[in-house]
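Data block below; observations after.
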Amino acid sequence: MASKVALRTTALAQGWLEDSGYRLLSVDAETADGSVKVLVVGSGELPPRNQLETPAFQLLFGNRLDVKVINADGFTGGSFERSVP
């Protein structure tokens, strides 16, 4: 059964990626380090990060958000993370 954090992060990430060239592959909210990991794949311009980070800030209850981006051409486009106090 998925946690509430995973379910809410999934909904936020799907909304964030809507109308972009990216799609959500996975959300892992049960990591050993307490972070919430989001994996997306696609191409084109990624939506502004703050559209995911800002609503996630309140949702994550002190957990770090770690987003990994995979370019559809097979290039790892990078990642970003934000520590949530």
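Residue names in the structure tokens use chain letters A, B, ... in the order shown, residue numbers from 1 in each chain, and ligand numbers from 1 in the order shown.
With only C-alpha atoms taken into account, the protein and nucleic acid residues at most 9 Å from Pro47 (chain A) (excluding it and anything under 3 positions from it in its own chain) are Trp16, Leu17, Glu18, Ser20, Tyr22, Asn50, Gln51 and Leu52 of chain A.
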Write out as an mmCIF file with C-alpha atoms, in the first residue's frame each polymer residue whose atoms come within 12 Å of Leu7 (chain A), counting only C-alpha atoms; drop sequence neighbours fewer than 2 positions from it.
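After the write, selection02.cif holds the following:
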```cif
data_model
loop_
_atom_site.group_PDB
_atom_site.id
_atom_site.type_symbol
_atom_site.label_atom_id
_atom_site.label_comp_id
_atom_site.auth_asym_id
_atom_site.auth_seq_id
_atom_site.Cartn_x
_atom_site.Cartn_y
_atom_site.Cartn_z
ATOM 1 C CA MET A 1 0.000 0.000 0.000
ATOM 2 C CA ALA A 2 1.400 3.384 -0.980
ATOM 3 C CA SER A 3 1.910 6.012 1.685
ATOM 4 C CA LYS A 4 -0.039 9.267 1.734
ATOM 5 C CA VAL A 5 3.177 11.150 0.942
ATOM 6 C CA THR A 9 3.660 13.478 -4.445
ATOM 7 C CA THR A 10 2.493 11.389 -7.421
ATOM 8 C CA ALA A 11 -0.514 13.658 -7.925
ATOM 9 C CA LEU A 12 1.652 16.794 -7.641
ATOM 10 C CA ALA A 13 4.262 15.453 -10.063
ATOM 11 C CA GLN A 14 1.658 14.385 -12.622
ATOM 12 C CA SER A 26 8.059 6.547 -10.256
ATOM 13 C CA VAL A 27 7.783 8.054 -6.801
ATOM 14 C CA ASP A 28 9.612 6.470 -3.870
ATOM 15 C CA ALA A 29 8.682 7.874 -0.471
ATOM 16 C CA GLU A 30 10.178 5.018 1.558
ATOM 17 C CA VAL A 36 11.154 11.457 -1.570
ATOM 18 C CA VAL A 38 10.729 11.300 -8.186
ATOM 19 C CA ALA A 56 5.690 19.824 -2.196
ATOM 20 C CA LEU A 59 3.527 18.091 1.780
ATOM 21 C CA LEU A 60 6.835 16.410 2.579
#
```
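CA of Glu53 (chain A) sits 25.5 Å away from CA of Asp73 (chain A).
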Using DSSP secondary structure from the backbone, list all helix (DSSP H, G or I) positions within chain A, as a ChimeraX atom specification. /A:4-17,50-59
